[in-house]
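Below: the structure, in structure tokens.
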Amino acid sequence: MTELLVTYPGGSTVERTTVLALTRTDMGLLFAVERTPCHPESPRWPDQPADRCTLLLDGVATPIECHEGVLREGELVLGEPEREAWAGAGAEPGAGVSDSAPVRAERCVVHVAPSDLALELGAEVTLEVDGPYREAISRNHSRCHLVSLALNAALAGAWRKEQGTRDSLGSPDFDKLAIQTSTISEGGSLDVYRIGKHVRKSGFSVEALEDPQALAREVARIAGEWIASRPRMSISPAVSTLQERRTWSCPLPGATASFLCGGTHAPTIGPEDGLRVEITWEPEEKRLAMSARG
């Protein structure tokens, strides 16, 4: 079978493509295509919501949902596969089938349409993504990455111990160590951090959080300087299977920021896009929250 590819990492919002797998269920018609521009709801990358998508078939537009799922022995299943479903003990998805692994599962975007839709295997269809919604989500995702890196830089002096875990710009990676949840929405982003025993034992001084408003101003200053340079951003590879690792990269003054990311991003961001950062610190709950918006 032709590989099931995702094209949203490169910014695609429309694809004319072929239906390669189809499963009729009580919850709807599940289908997968050769190339999809639709970013799915994902248990592995829960920060970014699914795209709003439409299927065009014979001139008729039908709203559809898109989720991360698997193709297993010709059947589409929503969600994560069972561990034993992968080809070979300990093998990555897409590896060759071994004698000890009779079942092969491939991660893919599973689209969900109404169960009565007259869709067949091999059909040529067009998938379209809501462009303004995708643009807003992508821009907020990019802004979120920049402010999380700026938070690392702003808290670089708050460590009593040398940190081996550093971000791609060289700062101690507070974001990676303390992040609890990250949520991207049409209106902005919200990162929630827990400053528990693990973070404190790693040498972090909570005194650095006593003035959250001053911290927010410093984060906004650092990220604002980066945004003023109008950095360009990219996801690589731009076209891949869903299971392949993808890397977000953003050249900034003096260094290039990069890390793994499963979402979508703006090609560039500038001062006209705006930046507002708010930080709250709840010491009794050991909870730090940072929001960013344009």
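Ordering of the structure tokens sets the chain letters (A, B, ...), residue numbers begin anew at 1 in every chain, and ligands are numbered from 1 in the order given.
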
>> At a cut-off of 10 Å, using only C-alpha atoms, what residues contact Leu177 of chain A? Leave out same-chain residues fewer than 4 positions from it and give the result as a ChimeraX atom specification.
In response: /A:165-166,172-173,193-195,198-199,202

Kindly provide the residues of segment 224-293 of chain A that approach segment 40-61 of chain A to within 10 Å, each paired with its closest atom pair and their distance in Å to one decimal, based on only C-alpha atoms, listed by chain and increasing number, as a tab-separated table.
residue	atom	partner	partner_atom	distance
A:Leu242	CA	A:Pro40	CA	9.9
A:Cys261	CA	A:Trp45	CA	7.9
A:Gly262	CA	A:Trp45	CA	6.1
A:Gly263	CA	A:Gln48	CA	6.4
A:Thr264	CA	A:Gln48	CA	8.3

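Of the listed residues (A:Thr62, A:Gly10, A:Leu4, A:Asp167), A:Gly10 comes nearest to Pro237 of chain A; the distances count only C-alpha atoms.
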
> In segment 128-264 of chain A, what's strand (DSSP E) per DSSP? Answer as a ChimeraX atom specification?
Replying inline: /A:128-129,179-185,188-194,234-236,240-241,247-252,255-260

>> Among segment 41-261 of chain A, which residues does DSSP mark as alpha helix (DSSP H) when it is run on the backbone? Keep the chain and numbering as in the structure and answer as a PyMOL selection string.
In response: chain A and resi 131-154+174-178+197-201+212-228

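Take the candidates A:Ala255, A:Ile269, A:Ala156, A:Met290 and check each one against Ala136 of chain A using only C-alpha atoms; the shortest distance goes to A:Ile269.
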
> Can you list, as a list in words, every protein, DNA or RNA residue that comes within 7 Å of Arg276 of chain A when you count only C-alpha atoms, leaving out same-chain residues fewer than 2 positions away?
Replying inline: Ala220, Gly274, Glu278, Ala292, Arg293 and Gly294 of chain A

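Across A:Thr25, A:Ser205, A:Thr18, A:Ser229, the tightest approach to Glu3 of chain A is made by A:Thr18 when counting only C-alpha atoms.
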
>> Quick one: residues within 7 Å of Gly122 of chain A, only C-alpha atoms, excluding same-chain residues fewer than 2 positions away - as a PyMOL selection string?
In response: chain A and resi 18-20+120+124

Go ahead and save the residues from that selection, with N, CA and C atoms, as a PDB file, in the first residue's frame.
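Heads up, here's the output in again.pdb:
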ATOM      1  N   THR A  18      -6.449  10.392  -2.618  1.00  0.00           N
ATOM      2  CA  THR A  18      -7.140   9.125  -2.853  1.00  0.00           C
ATOM      3  C   THR A  18      -7.418   8.414  -1.538  1.00  0.00           C
ATOM      4  N   VAL A  19      -8.622   7.851  -1.402  1.00  0.00           N
ATOM      5  CA  VAL A  19      -8.985   7.079  -0.217  1.00  0.00           C
ATOM      6  C   VAL A  19      -8.300   5.710  -0.309  1.00  0.00           C
ATOM      7  N   LEU A  20      -7.449   5.407   0.692  1.00  0.00           N
ATOM      8  CA  LEU A  20      -6.683   4.160   0.689  1.00  0.00           C
ATOM      9  C   LEU A  20      -7.166   3.150   1.718  1.00  0.00           C
ATOM     10  N   GLU A 120     -16.154   5.373  -1.212  1.00  0.00           N
ATOM     11  CA  GLU A 120     -15.622   4.046  -1.488  1.00  0.00           C
ATOM     12  C   GLU A 120     -14.098   4.087  -1.575  1.00  0.00           C
ATOM     13  N   GLU A 124     -11.458   9.583  -5.427  1.00  0.00           N
ATOM     14  CA  GLU A 124     -10.682  10.814  -5.419  1.00  0.00           C
ATOM     15  C   GLU A 124     -11.482  11.879  -4.678  1.00  0.00           C
TER      16      GLU A 124
END
